[in-house]
$ cat start-v9.cif   # mmCIF, C-alpha atoms
data_structure
loop_
_atom_site.group_PDB
_atom_site.id
_atom_site.type_symbol
_atom_site.label_atom_id
_atom_site.label_comp_id
_atom_site.auth_asym_id
_atom_site.auth_seq_id
_atom_site.Cartn_x
_atom_site.Cartn_y
_atom_site.Cartn_z
ATOM 1 C CA MET A 755 10.299 -45.946 -71.516
ATOM 2 C CA ALA A 756 7.867 -44.179 -69.211
ATOM 3 C CA PRO A 757 8.137 -45.052 -65.493
ATOM 4 C CA ARG A 758 5.588 -47.422 -64.174
ATOM 5 C CA ALA A 759 2.828 -45.694 -62.251
ATOM 6 C CA SER A 760 2.233 -46.896 -58.700
ATOM 7 C CA ALA A 761 -1.034 -48.612 -58.044
ATOM 8 C CA PRO A 762 -3.618 -46.305 -56.543
ATOM 9 C CA GLU A 763 -4.624 -46.798 -52.886
ATOM 10 C CA PRO A 764 -8.061 -48.421 -52.682
ATOM 11 C CA VAL A 765 -8.699 -46.701 -49.355
ATOM 12 C CA ARG A 766 -6.694 -44.003 -47.640
ATOM 13 C CA GLY A 767 -4.105 -45.650 -45.384
ATOM 14 C CA ILE A 768 -4.329 -49.104 -47.046
ATOM 15 C CA ASN A 769 -1.675 -49.932 -49.664
ATOM 16 C CA SER A 770 -2.731 -52.057 -52.610
ATOM 17 C CA ALA A 771 0.654 -53.883 -52.571
ATOM 18 C CA GLY A 772 -0.051 -55.573 -49.204
ATOM 19 C CA ARG A 773 2.023 -55.791 -46.031
ATOM 20 C CA SER A 774 4.559 -58.368 -47.259
ATOM 21 C CA LYS A 775 5.320 -56.607 -50.524
ATOM 22 C CA SER A 776 5.549 -53.213 -48.847
ATOM 23 C CA TYR A 777 7.940 -54.691 -46.262
ATOM 24 C CA HIS A 778 10.392 -55.822 -48.969
ATOM 25 C CA LYS A 779 9.846 -52.747 -51.135
ATOM 26 C CA ARG A 780 10.715 -50.311 -48.325
ATOM 27 C CA GLY A 781 13.872 -52.248 -47.468
ATOM 28 C CA LEU A 782 12.896 -52.879 -43.877
ATOM 29 C CA TRP A 783 14.325 -56.385 -44.109
ATOM 30 C CA ALA A 784 17.784 -54.918 -44.753
ATOM 31 C CA LEU A 785 17.630 -52.709 -41.634
ATOM 32 C CA LYS A 786 16.546 -55.690 -39.551
ATOM 33 C CA LYS A 787 19.320 -57.874 -40.921
ATOM 34 C CA LYS A 788 21.949 -55.206 -40.303
ATOM 35 C CA ASN A 789 20.998 -54.896 -36.603
ATOM 36 C CA GLY A 790 20.915 -58.611 -35.748
ATOM 37 C CA GLY A 791 17.294 -59.324 -36.644
ATOM 38 C CA LYS A 792 15.867 -56.307 -34.707
ATOM 39 C CA PHE A 793 14.911 -52.847 -35.721
ATOM 40 C CA PRO A 794 17.292 -50.166 -34.413
ATOM 41 C CA GLN A 795 15.970 -48.326 -31.327
ATOM 42 C CA HIS A 796 16.895 -44.747 -30.557
ATOM 43 C CA ALA A 797 16.720 -43.118 -27.133
ATOM 44 C CA LYS A 798 13.681 -40.920 -26.774
ATOM 45 C CA ALA A 799 14.417 -37.230 -26.393
ATOM 46 C CA GLU A 800 13.401 -35.779 -23.050
ATOM 47 C CA LYS A 801 10.372 -33.563 -23.220
ATOM 48 C CA PRO A 802 10.885 -29.996 -21.985
ATOM 49 C CA ALA A 803 9.385 -29.243 -18.601
ATOM 50 C CA ALA A 804 5.874 -27.877 -18.813
ATOM 51 C CA ALA A 805 5.528 -24.187 -18.067
ATOM 52 C CA ALA A 806 4.115 -23.277 -14.657
ATOM 53 C CA GLU A 807 1.487 -21.070 -16.257
ATOM 54 C CA LYS A 808 -0.168 -21.915 -19.535
ATOM 55 C CA ALA A 809 0.279 -19.277 -22.219
ATOM 56 C CA PRO A 810 -2.939 -17.384 -22.956
ATOM 57 C CA ARG A 811 -4.726 -18.052 -26.213
ATOM 58 C CA LEU A 812 -5.345 -14.368 -26.840
ATOM 59 C CA TYR A 813 -2.950 -11.482 -26.326
ATOM 60 C CA PRO A 814 -3.827 -7.823 -25.641
ATOM 61 C CA ALA A 815 -3.615 -5.421 -28.548
ATOM 62 C CA ASP A 816 -1.462 -2.980 -26.549
ATOM 63 C CA ASP A 817 1.743 -3.784 -24.745
ATOM 64 C CA VAL A 818 1.152 -4.433 -21.057
ATOM 65 C CA LYS A 819 3.961 -3.536 -18.670
ATOM 66 C CA VAL A 820 4.931 -6.356 -16.354
ATOM 67 C CA HIS A 821 5.975 -5.088 -12.952
ATOM 68 C CA SER A 822 8.612 -7.162 -11.262
ATOM 69 C CA LYS A 823 7.956 -8.115 -7.658
ATOM 70 C CA ARG A 824 10.277 -6.351 -5.267
ATOM 71 C CA ALA A 825 10.480 -6.418 -1.528
ATOM 72 C CA LYS A 826 8.927 -3.242 -0.157
ATOM 73 C CA THR A 827 11.139 -1.266 2.182
ATOM 74 C CA LEU A 828 9.459 1.341 4.344
ATOM 75 C CA ARG A 829 11.561 4.457 4.497
ATOM 76 C CA LYS A 830 11.053 7.367 6.832
ATOM 77 C CA ALA A 831 9.631 10.348 4.967
ATOM 78 C CA GLY A 832 11.928 13.330 4.750
ATOM 79 C CA LEU A 833 10.839 16.375 6.725
ATOM 80 C CA ARG A 834 10.097 19.611 4.894
ATOM 81 C CA SER A 835 12.537 22.382 5.631
ATOM 82 C CA SER A 836 9.699 24.654 6.784
ATOM 83 C CA ILE A 837 8.715 22.211 9.553
ATOM 84 C CA THR A 838 10.781 22.207 12.732
ATOM 85 C CA PRO A 839 9.934 21.487 16.405
ATOM 86 C CA GLY A 840 7.877 24.441 17.606
ATOM 87 C CA THR A 841 6.417 25.378 14.192
ATOM 88 C CA VAL A 842 2.768 26.439 14.260
ATOM 89 C CA ALA A 843 0.905 24.613 11.487
ATOM 90 C CA ILE A 844 -2.637 24.611 10.081
ATOM 91 C CA LEU A 845 -4.463 21.297 9.727
ATOM 92 C CA LEU A 846 -6.043 20.771 6.298
ATOM 93 C CA ALA A 847 -8.023 17.569 6.874
ATOM 94 C CA GLY A 848 -9.579 15.472 9.564
ATOM 95 C CA ARG A 849 -11.706 16.181 12.589
ATOM 96 C CA PHE A 850 -9.782 19.351 13.513
ATOM 97 C CA LYS A 851 -9.573 20.794 9.989
ATOM 98 C CA GLY A 852 -8.664 24.507 10.080
ATOM 99 C CA LYS A 853 -7.252 24.382 13.623
ATOM 100 C CA ARG A 854 -3.749 25.597 14.403
ATOM 101 C CA VAL A 855 -1.398 23.193 16.141
ATOM 102 C CA VAL A 856 2.164 23.138 17.429
ATOM 103 C CA VAL A 857 4.572 20.621 15.894
ATOM 104 C CA LEU A 858 6.566 18.805 18.574
ATOM 105 C CA ALA A 859 8.629 16.232 16.638
ATOM 106 C CA GLN A 860 8.670 13.683 13.829
ATOM 107 C CA LEU A 861 8.007 10.092 14.898
ATOM 108 C CA PRO A 862 9.894 7.046 13.503
ATOM 109 C CA SER A 863 6.982 6.326 11.141
ATOM 110 C CA GLY A 864 7.420 9.732 9.491
ATOM 111 C CA LEU A 865 4.229 11.199 10.986
ATOM 112 C CA LEU A 866 4.323 14.443 12.930
ATOM 113 C CA LEU A 867 3.503 14.670 16.633
ATOM 114 C CA VAL A 868 1.329 17.759 17.158
ATOM 115 C CA THR A 869 -0.882 19.283 19.839
ATOM 116 C CA GLY A 870 -3.205 22.313 20.078
ATOM 117 C CA PRO A 871 -2.464 22.629 22.974
ATOM 118 C CA PHE A 872 -5.686 20.979 24.127
ATOM 119 C CA LYS A 873 -6.222 23.628 26.806
ATOM 120 C CA VAL A 874 -6.172 26.404 24.184
ATOM 121 C CA ASN A 875 -8.067 25.065 21.154
ATOM 122 C CA GLY A 876 -9.145 21.499 22.036
ATOM 123 C CA VAL A 877 -6.666 19.633 19.799
ATOM 124 C CA PRO A 878 -5.077 16.781 21.784
ATOM 125 C CA LEU A 879 -1.791 15.023 21.138
ATOM 126 C CA ARG A 880 -2.104 13.261 17.807
ATOM 127 C CA ARG A 881 -0.189 12.084 14.740
ATOM 128 C CA VAL A 882 -0.538 13.971 11.453
ATOM 129 C CA ASN A 883 0.848 13.421 7.968
ATOM 130 C CA GLN A 884 2.917 16.419 6.883
ATOM 131 C CA ALA A 885 1.112 16.391 3.512
ATOM 132 C CA TYR A 886 -2.046 17.635 5.286
ATOM 133 C CA ILE A 887 -0.644 20.692 7.063
ATOM 134 C CA ILE A 888 0.446 24.204 6.145
ATOM 135 C CA ALA A 889 3.557 25.284 8.008
ATOM 136 C CA THR A 890 3.484 28.917 9.120
ATOM 137 C CA SER A 891 6.378 31.241 9.929
ATOM 138 C CA THR A 892 5.358 31.369 13.608
ATOM 139 C CA LYS A 893 7.716 29.473 15.899
ATOM 140 C CA LEU A 894 7.347 28.582 19.569
ATOM 141 C CA ASP A 895 9.894 27.331 22.093
ATOM 142 C CA VAL A 896 9.104 23.672 22.887
ATOM 143 C CA SER A 897 12.492 22.682 24.315
ATOM 144 C CA SER A 898 10.944 22.221 27.771
ATOM 145 C CA VAL A 899 8.330 19.713 26.533
ATOM 146 C CA ASP A 900 9.161 16.092 27.396
ATOM 147 C CA ILE A 901 8.186 13.871 24.443
ATOM 148 C CA ALA A 902 10.300 10.810 25.301
ATOM 149 C CA LYS A 903 7.250 8.661 26.084
ATOM 150 C CA PHE A 904 5.416 9.442 22.827
ATOM 151 C CA ASP A 905 5.994 7.033 19.941
ATOM 152 C CA ASP A 906 3.845 5.302 17.308
ATOM 153 C CA ALA A 907 2.867 2.501 19.706
ATOM 154 C CA TYR A 908 1.481 5.105 22.136
ATOM 155 C CA PHE A 909 -1.309 6.023 19.699
ATOM 156 C CA LYS A 910 -2.339 2.508 18.673
ATOM 157 C CA PRO A 911 -5.796 1.488 19.980
ATOM 158 C CA THR A 912 -5.797 -1.202 22.646
ATOM 159 C CA GLU A 913 -9.403 -2.350 22.148
ATOM 160 C CA LYS A 914 -10.500 -4.221 19.023
ATOM 161 C CA LYS A 915 -13.310 -2.699 16.977
ATOM 162 C CA GLU A 916 -16.454 -4.721 16.471
ATOM 163 C CA LYS A 917 -16.921 -5.888 12.881
ATOM 164 C CA GLY A 918 -20.669 -5.356 12.762
ATOM 165 C CA LYS A 919 -23.555 -4.325 14.975
ATOM 166 C CA GLY A 920 -26.996 -5.824 15.068
ATOM 167 C CA GLU A 921 -30.264 -3.942 15.406
ATOM 168 C CA LYS A 922 -30.233 -4.195 19.191
ATOM 169 C CA GLU A 923 -26.659 -2.911 19.496
ATOM 170 C CA PHE A 924 -27.325 -0.075 17.006
ATOM 171 C CA PHE A 925 -30.352 1.361 18.839
ATOM 172 C CA GLY A 926 -28.895 0.605 22.257
ATOM 173 C CA ALA A 927 -25.759 2.617 21.549
ATOM 174 C CA GLU A 928 -27.571 5.902 22.255
ATOM 175 C CA GLY A 929 -28.014 5.141 25.918
ATOM 176 C CA ALA A 930 -24.613 3.505 26.360
ATOM 177 C CA GLU A 931 -22.161 5.173 28.667
ATOM 178 C CA LYS A 932 -19.289 7.064 27.084
ATOM 179 C CA LYS A 933 -15.934 5.397 27.648
ATOM 180 C CA GLU A 934 -13.567 7.553 29.650
ATOM 181 C CA LEU A 935 -10.001 8.099 28.528
ATOM 182 C CA ALA A 936 -7.319 6.392 30.601
ATOM 183 C CA LYS A 937 -5.804 8.543 33.352
ATOM 184 C CA GLU A 938 -2.345 8.088 31.830
ATOM 185 C CA PHE A 939 -3.349 9.867 28.605
ATOM 186 C CA VAL A 940 -5.024 12.693 30.517
ATOM 187 C CA ASP A 941 -1.978 13.294 32.719
ATOM 188 C CA ASN A 942 0.392 13.242 29.741
ATOM 189 C CA GLN A 943 -1.772 15.790 27.900
ATOM 190 C CA LYS A 944 -1.861 18.090 30.941
ATOM 191 C CA ALA A 945 1.925 17.924 31.312
ATOM 192 C CA VAL A 946 2.473 18.881 27.662
ATOM 193 C CA ASP A 947 -0.124 21.668 27.821
ATOM 194 C CA GLN A 948 1.422 23.154 30.933
ATOM 195 C CA ALA A 949 4.901 23.261 29.365
ATOM 196 C CA ILE A 950 3.616 25.078 26.266
ATOM 197 C CA VAL A 951 0.860 27.327 27.667
ATOM 198 C CA SER A 952 3.134 28.744 30.374
ATOM 199 C CA GLN A 953 5.265 30.387 27.654
ATOM 200 C CA LEU A 954 2.414 31.757 25.522
ATOM 201 C CA SER A 955 1.404 35.405 25.520
ATOM 202 C CA ALA A 956 -2.211 36.542 25.326
ATOM 203 C CA GLU A 957 -1.762 37.321 21.626
ATOM 204 C CA GLN A 958 -0.330 33.863 20.889
ATOM 205 C CA LYS A 959 -3.179 32.163 22.747
ATOM 206 C CA GLY A 960 -5.703 34.090 20.664
ATOM 207 C CA TYR A 961 -3.835 33.165 17.485
ATOM 208 C CA LEU A 962 -3.825 29.434 18.306
ATOM 209 C CA SER A 963 -7.472 29.397 19.378
ATOM 210 C CA THR A 964 -8.677 31.008 16.111
ATOM 211 C CA ARG A 965 -9.655 28.658 13.292
ATOM 212 C CA PHE A 966 -8.151 29.365 9.883
ATOM 213 C CA THR A 967 -10.798 30.264 7.278
ATOM 214 C CA LEU A 968 -10.926 31.748 3.800
ATOM 215 C CA LYS A 969 -13.295 34.484 2.629
ATOM 216 C CA ASP A 970 -14.457 35.616 -0.783
ATOM 217 C CA GLY A 971 -11.606 37.253 -2.647
ATOM 218 C CA ASP A 972 -8.839 35.552 -0.628
ATOM 219 C CA ARG A 973 -5.982 34.148 -2.681
ATOM 220 C CA PRO A 974 -4.259 31.331 -0.752
ATOM 221 C CA HIS A 975 -1.408 31.041 -3.276
ATOM 222 C CA LEU A 976 -0.430 34.677 -2.572
ATOM 223 C CA MET A 977 -0.695 34.430 1.210
ATOM 224 C CA LYS A 978 2.339 34.339 3.466
ATOM 225 C CA PHE A 979 1.668 32.111 6.426
#
$ encode --input "start-v9.cif" --output "structure tokens"
Amino acid sequence: MAPRASAPEPVRGINSAGRSKSYHKRGLWALKKKNGGKFPQHAKAEKPAAAAEKAPRLYPADDVKVHSKRAKTLRKAGLRSSITPGTVAILLAGRFKGKRVVVLAQLPSGLLLVTGPFKVNGVPLRRVNQAYIIATSTKLDVSSVDIAKFDDAYFKPTEKKEKGKGEKEFFGAEGAEKKELAKEFVDNQKAVDQAIVSQLSAEQKGYLSTRFTLKDGDRPHLMKF
């Protein structure tokens, strides 16, 4: 005998058998009777914690490297073997590009403390990155130069720069008086110049005062400095 076909639903979600008949047909009455007249209740599973950042809907076609965040530690740059106190170097960038200077020491920040001397070629005491100099084979004796007072804090500006100038300040700057350097900086420069210049010969003074230049046909990679 063929099984009896279930009655079709008149409307989706509405059973043609009715609520009462469906209740007995599904056996819900047995579950209720077994649990003391109540439907069994199960503890709801805890939902996983929501992610802090919502996952993107679209992903890049190529793999993107994710860099982990690490605490940056500033390390003092190692000094090139060709650079020692007293080495004559050539500046490659900045206001005094092409000038020759004397290396005095390496500061805690890794920058080099150099000077012209100022009395010879106009280069004052300043800090320079060793990546922007060419060390030459010329060496000078700078053991008598006192550099104990020169550190990174010595070169930091004391006055704050103005963020922006108006029209009046811009055109009025031409007639403004030039600010003089503090006497302390002038005296320190003179003391360093005197210790170095007193040991220089006439030939060495001429060498330091001459700006380094290249001419047509010069090959810097074949030069010996």
$ atom_distance --input "start-v9.cif" --atom1 "atom CA of Ala907 of chain A" --atom2 "atom CA of Phe939 of chain A"
13.1 Å
$ closest_residue --input "start-v9.cif" --among "A:Ile887, A:Ile768, A:Ala784, A:Leu962" --to "Ile837 of chain A" --atoms "all atoms listed in the file"
A:Ile887
$ residues_around --input "start-v9.cif" --residues "segment 853-868 of chain A" --least-positions-apart "4" --cutoff "6 Å" --atoms "all atoms listed in the file" --output "ChimeraX atom specification"
/A:830-831,839-845,879-883,962,965
$ atom_distance --input "start-v9.cif" --atom1 "atom CA of Gly791 of chain A" --atom2 "atom CA of Gly772 of chain A"
21.7 Å
$ residues_around --input "start-v9.cif" --residues "Gln795 of chain A" --least-positions-apart "4" --cutoff "12 Å" --atoms "only C-alpha atoms" --output "list in words"
Leu785, Lys786 and Asn789 of chain A
$ residues_near_point --input "start-v9.cif" --point "(0.0, 27.1, 21.6)" --cutoff "7 Å" --atoms "only C-alpha atoms" --output "PyMOL selection string"
chain A and resi 855-856+870-871+874+950-951+954+958-959+962
$ axis_aligned_box --input "start-v9.cif" --around "segment 827-839 of chain A" --padding-each-side "3 Å" --output "JSON"
{"center_x": 10.6, "center_y": 11.7, "center_z": 9.3, "size_x": 9.8, "size_y": 31.9, "size_z": 20.2}
$ atom_distance --input "start-v9.cif" --atom1 "atom CA of Glu807 of chain A" --atom2 "atom CA of Thr827 of chain A"
28.7 Å
$ closest_residue --input "start-v9.cif" --among "A:Ser955, A:Thr892, A:Thr838, A:Gln943" --to "Pro878 of chain A" --atoms "all atoms listed in the file"
A:Gln943
$ closest_residue --input "start-v9.cif" --among "A:Ala806, A:Leu833, A:Leu812, A:Ala825" --to "Ala885 of chain A" --atoms "only C-alpha atoms"
A:Leu833
